[in-house]
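Working notes for the structure below.
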Amino acid sequence: MRNLRLMQIFNLSLVLLAIAALSLGCGGKTASKGNSLGLPEWFQALPEDPNYIFAVATSTSRDLQMSVNKAKQQGRVDIAQQMETKVKSMIKQFNEEVGLGEDAEFLSQTTEVSKSVTSKVLNGSKARKVKTVKEGEIIYRSYVLMEMPIGPANTALMEAIKKQQNMYTRFRASQGFQELEGEVDKYDQFKKEQGLAP
């Protein structure tokens, strides 16, 4: 009888150990799936919105505000590169549609337009999300998600093209230019509806 009682206690102990091991195993799996670096979720998966250009950046400093400012600046650099690529791509499309080829005058104008648009629209970029953590005793690390609305960028591109009379005259008949014009009109309408138009 005593042996039977000892056997039951032994079996119960084994069951409890097995349950504890399973619990620890599950906990371990959950932890491994998690983010071991503590990165914000939005830092690893950018939002998807056709009306915005997004960029993430991180930077460190001994000063909390400086770490935020440096991260924002890096994010703006990324947005500027994306914007310049977008503008060059649109202008390349215009060139192909109207058959400008390697016209040196137009290559010079397009470079000027892409630079002017990029520098103008960056003023509209802002931080959508910011997270700052402490690394060690004296270092702050900031993560930022920067955004820039596409509407003002399209408007700036249209204005820049119109300033180049020769470019405007050739481009305005192209399908790409008409699509750009349609996007600018939509943005202007949105501003009116939101009470943002002057």
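Residues are referred to by chain and number: the chain letter is A, B, ... according to the order shown in the structure tokens, the number counts from 1 in that chain, and ligands are numbered separately from 1 in the order shown.
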Exercise for the section: Write out as a ChimeraX atom specification which residues come within 12 Å of stretch 184-186 of chain A when counting only C-alpha atoms, dropping same-chain ones fewer than 4 positions away. Expected result: /A:51,150-159,177-180,190-193
Next, dump the selected residues to file, keeping only C-alpha atoms, as a PDB file, in the first residue's frame.
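Below is the file that was written, part.pdb:
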```
ATOM      1  CA  ASN A  51      -0.334  59.331 -50.320  1.00  0.00           C
ATOM      2  CA  ILE A 150       2.933  63.108 -51.914  1.00  0.00           C
ATOM      3  CA  GLY A 151       0.388  65.857 -52.754  1.00  0.00           C
ATOM      4  CA  PRO A 152       2.702  68.814 -52.099  1.00  0.00           C
ATOM      5  CA  ALA A 153       5.508  66.994 -53.910  1.00  0.00           C
ATOM      6  CA  ASN A 154       3.364  66.591 -57.039  1.00  0.00           C
ATOM      7  CA  THR A 155       2.326  70.263 -56.841  1.00  0.00           C
ATOM      8  CA  ALA A 156       5.955  71.349 -56.501  1.00  0.00           C
ATOM      9  CA  LEU A 157       6.933  69.199 -59.488  1.00  0.00           C
ATOM     10  CA  MET A 158       4.153  70.708 -61.608  1.00  0.00           C
ATOM     11  CA  GLU A 159       5.210  74.255 -60.632  1.00  0.00           C
ATOM     12  CA  PHE A 177       1.969  64.813 -67.424  1.00  0.00           C
ATOM     13  CA  GLN A 178      -1.823  64.512 -67.603  1.00  0.00           C
ATOM     14  CA  GLU A 179      -1.734  61.914 -64.806  1.00  0.00           C
ATOM     15  CA  LEU A 180       0.410  64.266 -62.720  1.00  0.00           C
ATOM     16  CA  PHE A 190      -8.697  67.748 -50.889  1.00  0.00           C
ATOM     17  CA  LYS A 191      -7.167  70.975 -49.510  1.00  0.00           C
ATOM     18  CA  LYS A 192     -10.381  72.875 -50.268  1.00  0.00           C
ATOM     19  CA  GLU A 193     -12.510  70.237 -48.551  1.00  0.00           C
TER      20      GLU A 193
END
```
Handout entry: Exercise: A:Met146 partners within 7 Å, only C-alpha atoms, chain neighbours under 4 positions left out, as a PyMOL selection string
Key = chain A and resi 54-56+72+75+125-128
Go ahead and dump the residues you just picked, N, CA and C atoms, as a compact mmCIF listing (two decimals), in the first residue's frame.
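Below is the file part.txt, written as the result:
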```txt
# COMPACT_ATOMS: atom_id res chain seq x y z
N PHE A 54 7.57 57.28 -46.84
CA PHE A 54 8.00 57.02 -45.47
C PHE A 54 9.48 56.68 -45.42
N ALA A 55 10.07 56.95 -44.26
CA ALA A 55 11.45 56.54 -44.01
C ALA A 55 11.62 56.34 -42.51
N VAL A 56 12.44 55.35 -42.14
CA VAL A 56 12.77 55.15 -40.73
C VAL A 56 14.26 55.40 -40.54
N LYS A 72 15.88 62.16 -37.00
CA LYS A 72 14.98 62.85 -37.95
C LYS A 72 15.73 63.30 -39.19
N GLY A 75 16.35 60.45 -41.43
CA GLY A 75 15.09 60.10 -42.11
C GLY A 75 14.80 61.02 -43.28
N SER A 125 8.10 67.39 -44.58
CA SER A 125 8.31 66.09 -43.91
C SER A 125 8.24 66.27 -42.40
N LYS A 126 7.72 65.26 -41.71
CA LYS A 126 7.64 65.34 -40.25
C LYS A 126 7.68 63.94 -39.66
N ALA A 127 7.93 63.89 -38.36
CA ALA A 127 7.99 62.60 -37.66
C ALA A 127 6.57 62.15 -37.33
N ARG A 128 6.20 60.96 -37.80
CA ARG A 128 4.90 60.40 -37.44
C ARG A 128 5.00 59.68 -36.09
```
Practice task
Could you jot down the atom CA of A:Val87 to atom CA of A:Asp188 separation for me, Å, one decimal place?
Solution key: 19.6 Å
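Minimum distance to A:Pro149 across A:Val121, A:Gln109, A:Glu183, A:Asn95 (counting only C-alpha atoms) occurs at A:Val121.
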Exercise for the section: Rounded to one decimal place, report the atom CA of A:Asp63-atom CA of A:Lys129 distance in Å. Expected result: 18.9 Å
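Using only C-alpha atoms for every distance, the candidate list A:Ser142, A:Ser116, A:Thr132, A:Ser108 yields A:Ser142 as the residue closest to A:Ala71.
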Exercise for the section: Identify, on the basis of only C-alpha atoms, every residue whose closest approach to A:Ser89 does not exceed 12 Å; exclude the query and any residue fewer than 4 positions from it along the same chain; express the result as a PyMOL selection string. Expected result: chain A and resi 82-85+93-96+110-111+114+176
Exercise for the section: Could you give me the residues within stretch 42-179 of chain A that DSSP places in alpha helix (DSSP H), as a ChimeraX atom specification? Expected result: /A:42-44,64-98,104-121,150-163,165-171,175-179
